[in-house]
4 protein chains.
Amino acid sequence: MRALVKESAGPGMVVKDVPVPTCGPNDVLIKVHFAGVCGTDLHIWEWDAWASGRLKPPLVIGHEFAGEIVELGTDARTAGLLKVGDRVTAEGHIICGHCLPCRTGDYHVCRRTSIIGVDRDGAFAEFIAMPASNVMRLDGISTETGAIMDPIGNAVHTVLEGQKVAGAVVLVVGCGPIGCFAVGIARAAGASLVIASDLNPTRRDIASRMGAHAVIDPKTENVAGRLAELTGGDGVDLVCEMSGHPSGHAQAFDAARPGGRVNMLGTPSRTTEVDFARDVIFKGLTIYGVTGRRMYDTWHTMSRFLRSGQFDPAPVVTHRFPLEKMADAIGVIKDGSAGKVILEIGA
Amino acid sequence: MRALVKESAGPGMVVKDVPVPTCGPNDVLIKVHFAGVCGTDLHIWEWDAWASGRLKPPLVIGHEFAGEIVELGTDARTAGLLKVGDRVTAEGHIICGHCLPCRTGDYHVCRRTSIIGVDRDGAFAEFIAMPASNVMRLDGISTETGAIMDPIGNAVHTVLEGQKVAGAVVLVVGCGPIGCFAVGIARAAGASLVIASDLNPTRRDIASRMGAHAVIDPKTENVAGRLAELTGGDGVDLVCEMSGHPSGHAQAFDAARPGGRVNMLGTPSRTTEVDFARDVIFKGLTIYGVTGRRMYDTWHTMSRFLRSGQFDPAPVVTHRFPLEKMADAIGVIKDGSAGKVILEIGA
Amino acid sequence: MRALVKESAGPGMVVKDVPVPTCGPNDVLIKVHFAGVCGTDLHIWEWDAWASGRLKPPLVIGHEFAGEIVELGTDARTAGLLKVGDRVTAEGHIICGHCLPCRTGDYHVCRRTSIIGVDRDGAFAEFIAMPASNVMRLDGISTETGAIMDPIGNAVHTVLEGQKVAGAVVLVVGCGPIGCFAVGIARAAGASLVIASDLNPTRRDIASRMGAHAVIDPKTENVAGRLAELTGGDGVDLVCEMSGHPSGHAQAFDAARPGGRVNMLGTPSRTTEVDFARDVIFKGLTIYGVTGRRMYDTWHTMSRFLRSGQFDPAPVVTHRFPLEKMADAIGVIKDGSAGKVILEIGA
Amino acid sequence: MRALVKESAGPGMVVKDVPVPTCGPNDVLIKVHFAGVCGTDLHIWEWDAWASGRLKPPLVIGHEFAGEIVELGTDARTAGLLKVGDRVTAEGHIICGHCLPCRTGDYHVCRRTSIIGVDRDGAFAEFIAMPASNVMRLDGISTETGAIMDPIGNAVHTVLEGQKVAGAVVLVVGCGPIGCFAVGIARAAGASLVIASDLNPTRRDIASRMGAHAVIDPKTENVAGRLAELTGGDGVDLVCEMSGHPSGHAQAFDAARPGGRVNMLGTPSRTTEVDFARDVIFKGLTIYGVTGRRMYDTWHTMSRFLRSGQFDPAPVVTHRFPLEKMADAIGVIKDGSAGKVILEIGA
């Protein structure tokens with residue numbers, strides 16, 4: 001089959017023929033229709049410090065996908081709910097099930113997580129084998145949308161964790177694809193006021209189309225002033241920090257009201273100076289670090305939102321490429337002109 | 001009446017005669033038996049940057065106390081539960097009741113909090129007037145113990161917020177009085193393993209007597225190694241950060257297990273460099289800033305713990321002084337030889 | 001002033017002149033614009049067993065209202081947020097603040113609750129005095145809507161208690177005014193599927209206009225079959241039981257899915273046979289009894305929903321009468337033709 | 001191997017030779033050391049309505065056990081944590097993993113649960129095969145105690161669900177083995193006052209030895225009066241209803257304070273008349289039906305309690321029999337003289 005492969009340590013990836021993966025006894029073999037390109041894939045393409053420290057080439061890349069079941073493993077426990085021909089997506093974190101986080105419901109921080117497209121062969125390929133337990137039927141959600149449920153799920157995890165969202169004031173700092181998804185998820189979950197902040201006008205525009213009541217350009221606007229005005233001085237109940245930059249952290253801590261919450265998904269590449277006294281302790285603030293998706297509560301809520309039409313990711317999807325054009329996909333992500341980019345593989 | 005007064009901007013306090021406070025229509029007038037000396041009082045004594053920026057002398061100092069009701073205001077709503085002669089303590093945060101945090105149950109971060117002994121006259125005096133709503137009957141708890149329920153309440157708030165404590169592994173970083181109280185509270189609340197860390201051997205000894213299963217000297221011991229051994233590699237479920245130092249923060253973030261929690265009470269005087277990617281996001285960590293006490297859930301649980309005998313603060317109380325010896329009290333706090341210090345006022 | 005008064009034990013009420021209430025030192029005196037008529041008022045009108053056991057005539061009736069501040073008590077703590085001329089509504093449960101439920105945040109079940117229009121003079125009058133702590137500014141919400149925030153708040157309490165509503169399947173059993181409000185609140189809070197059940201076609205129609213995705217007539221339809229079809233066999237996550245009838249309880253327990261929840265507001269006048277093994281234990285069900293409104297979390301969320309336009313009670317309000325026409329108001333409530341009925345008093 | 005088998009529809013069981021179960025690819029084969037006899041086994045022995053409606057003989061009975069791993073299936077995912085020779089116990093509910101309850105963390109009410117010893121061959125045998133995901137290492141807990149972690153887990157689930165236990169007043173209604181375990185669990189979790197009620201003096205005595213601060217005989221004592229006296233009029237925060245009798249339900253609903261909670265585990269064989277207005281709605285009560293154990297949060301907490309010594313089930317274990325003496329085991333359970341009964345199989 002054709003697959004996008006990191007062949008050796010160093011930048012780039014190549015499309016080449018590799019064997020169709022074996023469908024293990026507990027696995028489901030899936031023909032991939034669409035796959036999503038993630039910032040993680042950009043790090044892998046560029047072979048940065050994180051990528052070179054973690055990946056062991058050769059490896060098929062890609063962890064966001066959806067497609068169709070073509071084979072069921074001999075011992076796959078599916079409760080009669082999965083069969084050949086079903087359109088499905090899958091959680092890309094493969095977990096041990098036995099560590100303390102797994103035994104207490106925090107599967108997303110399993111101590112032995114293996115991620116497809118990072119630690120084992122991934123989804124930028126015509127076929128992928130996944131443990132049956134990680135696979136979910138789409139039941140009416142298109143495989144194109146199914147292919148980006150992984151990052152939509154990041155947004156669901158970020159928005160719904162902890163504080164009640166119904167009636168809340170939500171600020172999204174950083175309007176990359178997951179930030180824009182977070183705007184729409186906050187609206188779907190009943191937030192009363194959703195504000196989005198980004199330096200990039202294209203991204204602010206997508207955030208508006210996803211339902212942001214207001215957008216802020218932190219370069220030209222007085223963020224604190226705008227927030228005070230928009231919230232009548234009450235401040236922000238929940239900040240979704242999606243930028244991963246120290247300036248985003250500063251915005252987040254300043255914006256969150258006393259008793260509020262900062263859910264942090266954007267992954268910083270450096271440290272941040274934090275004034276814990278002023279920003280966390282005297283404010284009674286809660287900070288939560290978001291990894292992956294809650295398995296599988298996040299997926300359940302997301303499916304409901306998508307099937308009911310409460311949430312539509314369409315405005316975020318700006319580009320589609322065939323597998324062979326990965327260099328172009330990387331290009332539009334790097335130059336900031338893209339929202340979410342999708343690879344068309346086998347639809 | 002005699003009172004300990006900060007007379008003017010600058011270090012020190014003086015004992016002098018001031019008028020007995022008026023018992024307002026919604027107030028209760030209390031004859032003070034005992035009062036607790038807090039780190040905050042040390043800041044005020046020394047007139048540091050925080051103190052000089054906040055206090056408006058002249059002011060009676062002190063916010064931890066207990067005593068006996070001598071007068072009820074004409075309109076004081078007490079539900080028939082408070083009467084002259086009752087032994088009582090009181091929450092020292094006087095709140096507005098109308099701001100968003102107050103209207104949603106986060107009274108401890110009320111936007112208009114006025115703290116006795118900081119923003120208005122305090123408890124290092126023979127009498128204090130308090131709003132009836134802030135006053136609680138001791139019902140069998142001694143007034144000496146009642147006088148330190150404010151800082152014990154800080155420990156209760158820190159230990160009980162968020163994560164289930166029953167069966168948990170709890171690490172207390174910093175064994176000042178509140179840290180030592182936290183050790184005992186964690187035991188009372190059913191923690192399975194309570195570990196305490198401090199540089200000072202006297203404090204480690206008090207932590208042991210409060211029930212710590214193990215104590216660590218971070219100067220001479222490999223903290224990570226000890227924790228791995230003590231927890232069988234699982235790590236710490238809940239860290240109570242009581243030191244307020246960047247090195248304590250580093251210890252806390254390193255110790256907390258994936259999916260764990262750091263509740264932070266120690267107030268730093270400077271910023272801390274945080275690696276949010278490594279320490280918070282990839283770990284799925286929660287950080288919570290602790291201010292004051294939950295009103296009045298914290299007080300309720302604390303009263304139950306004290307009356308049942310599940311928690312006994314006695315090992316922490318190392319010194320008692322009369323009001324006139326405040327300089328000596330400040331001395332033993334500064335030289336690190338003290339646990340909790342109590343002023344004997346009118347018992 | 002004019003007021004609607006229950007003069008003596010027995011059916012009916014009369015409009016008569018009574019003194020304007022005194023504005024106590026902690027009170028706010030409010031000129032009433034509008035008031036809502038509640039099922040409770042019908043019980044009082046008819047002088048049923050509950051009413052005759054609880055009320056001590058003579059008494060001004062009415063507990064749902066909004067209006068304008070005309071006087072502030074001398075000691076009223078308003079944090080500068082309430083002033084003469086402000087349009088306001090108020091929580092009608094006056095609580096002690098000192099009992100265990102009050103001290104642990106469950107003010108709505110205070111052991112010494114005094115309800116306006118039931119235990120003390122109420123709001124069907126030109127003026128009412130209320131403790132300042134119970135009063136909230138409308139800030140742009142009309143006084144007509146403000147007058148029915150008490151029952152809308154019942155719906156908010158019922159819908160938002162416990163289970164996550166975002167993405168949920170919600171069934172409202174019984175479409176009186178609060179049931180119809182619950183439909184709209186569930187939509188505002190992000191429920192993915194809201195189903196309403198009532199025997200009365202007028203009420204089902206109002207429920208549809210409040211946003212119910214589907215309505216069921218339990219007399220002519222197979223409820224279990226419809227629910228199975230509507231939910232794809234998954235069942236209902238949250239049932240709001242608003243009918244107070246044993247048949248409604250049976251519907252609720254049957255509809256709730258394993259791990260689901262029944263929040264019960266409709267007040268039964270008789271007992272219900274419950275099969276706890278089948279309906280509660282083997283299902284892992286949670287049942288919660290709804291009294292009043294969470295003080296003041298419910299009011300805060302409701303205000304956000306109303307100001308943002310996420311929730312509009314208009315379709316539920318079917319009748320308006322002057323104070324003098326209370327008999328007519330009672331009539332339309334009894335004959336089942338009414339949604340919510342409002343008294344126009346002093347707008 | 002020897003096993004205790006229900007051979008055909010009708011009362012009784014027989015010890016007979018049956019084949020050692022096959023260790024499937026995802027299974028672990030366990031040599032059984034000890035097994036616990038449960039009330040469920042009594043129903044099966046007597047072949048009551050429930051048993052005859054659910055079981056399909058022939059079947060090996062028994063669902064509480066612990067022992068030693070003798071074989072690992074070829075595809076068993078154990079994260080390197082399970083190996084031959086490990087002493088282990090196991091959760092007896094085998095779940096589908098794909099239904100809505102499973103996908104949202106409520107595995108204990110999986111729609112396709114298969115229970116060992118009820119729906120498939122069980123543990124009253126020399127060997128049992130279990131899915132690896134259900135198996136947990138004992139790590140120092142004895143196999144005799146491990147054999148009763150299933151019912152101890154029922155108690156953990158009942159005591160720890162919902163309300164904060166630290167500082168709570170807990171009433172256990174019904175002191176069979178699980179009720180007595182609940183007493184000890186409540187103490188371990190930091191309850192401030194644990195009260196136990198039972199008609200049987202032997203059981204009250206075991207409850208006392210498990211740490212009950214007070215015991216009540218509902219036949220000879222005024223329960224409401226005793227509770228008022230013991231709780232200072234505050235009432236009970238959490239009632240654990242373990243009796244399954246309408247009189248126990250009445251005791252529970254009457255004892256629970258406003259805002260309190262009734263967690264219900266005792267399985268009734270008939271319906272109960274409930275006054276929802278008085279007992280649930282006006283009280284703001286929460287009722288929760290307890291099935292099985294939370295997978296695997298319950299097991300984790302229980303292991304911590306057992307290893308730390310916070311909880312010791314020894315006083316509850318009153319009888320031990322070899323497999324051949326099952327009739328005697330049934331006898332001591334039926335005549336009320338037993339606490340927990342253990343079968344010695346292969347230790």
# chains A, B, ... in the order shown; residues from 1 in each chain; ligands from 1
call {"tool": "interface_residues", "arguments": {"of": "chain B", "to": "chain A", "cutoff": "7 Å", "atoms": "only C-alpha atoms", "output": "VMD selection string"}}
result
chain B and resid 100 to 101 106 109 234 258 to 259 264 to 265 267 to 268 270 to 277 280 to 291
call {"tool": "residues_around", "arguments": {"residues": "Ile206 of chain A", "least_positions_apart": "6", "cutoff": "8 Å", "atoms": "only C-alpha atoms", "output": "CSV table (one decimal) with N, CA and C atoms, in the first residue's frame"}}
result
chain,number,residue,atom,x,y,z
A,180,CYS,N,-10.0,27.3,17.2
A,180,CYS,CA,-11.2,27.6,16.5
A,180,CYS,C,-12.3,26.5,16.8
A,315,PRO,N,-16.1,25.5,8.8
A,315,PRO,CA,-15.3,26.7,8.6
A,315,PRO,C,-13.8,26.6,8.9
A,316,VAL,N,-13.4,25.6,9.7
A,316,VAL,CA,-12.0,25.5,10.0
A,316,VAL,C,-11.2,24.8,9.0
A,339,GLY,N,-6.3,26.8,8.1
A,339,GLY,CA,-7.0,26.4,9.3
A,339,GLY,C,-6.6,24.9,9.4
call {"tool": "atom_distance", "arguments": {"atom1": "atom CA of Thr318 of chain D", "atom2": "atom CA of Ala338 of chain D"}}
result
5.9 Å
call {"tool": "select_by_dssp", "arguments": {"residues": "segment 108-340 of chain C", "states": "strand (DSSP E)", "output": "ChimeraX atom specification"}}
result
/C:114-115,127-131,135-137,169-173,193-197,214-216,236-241,256-264,272-274,286-289,317-322,340
call {"tool": "select_by_dssp", "arguments": {"residues": "segment 106-227 of chain B", "states": "helix (DSSP H, G or I)", "output": "ChimeraX atom specification"}}
result
/B:107-109,132-134,143-146,149-160,177-188,201-209,223-227
call {"tool": "atom_distance", "arguments": {"atom1": "atom CA of Leu230 of chain A", "atom2": "atom CA of Leu82 of chain C"}}
result
21.4 Å
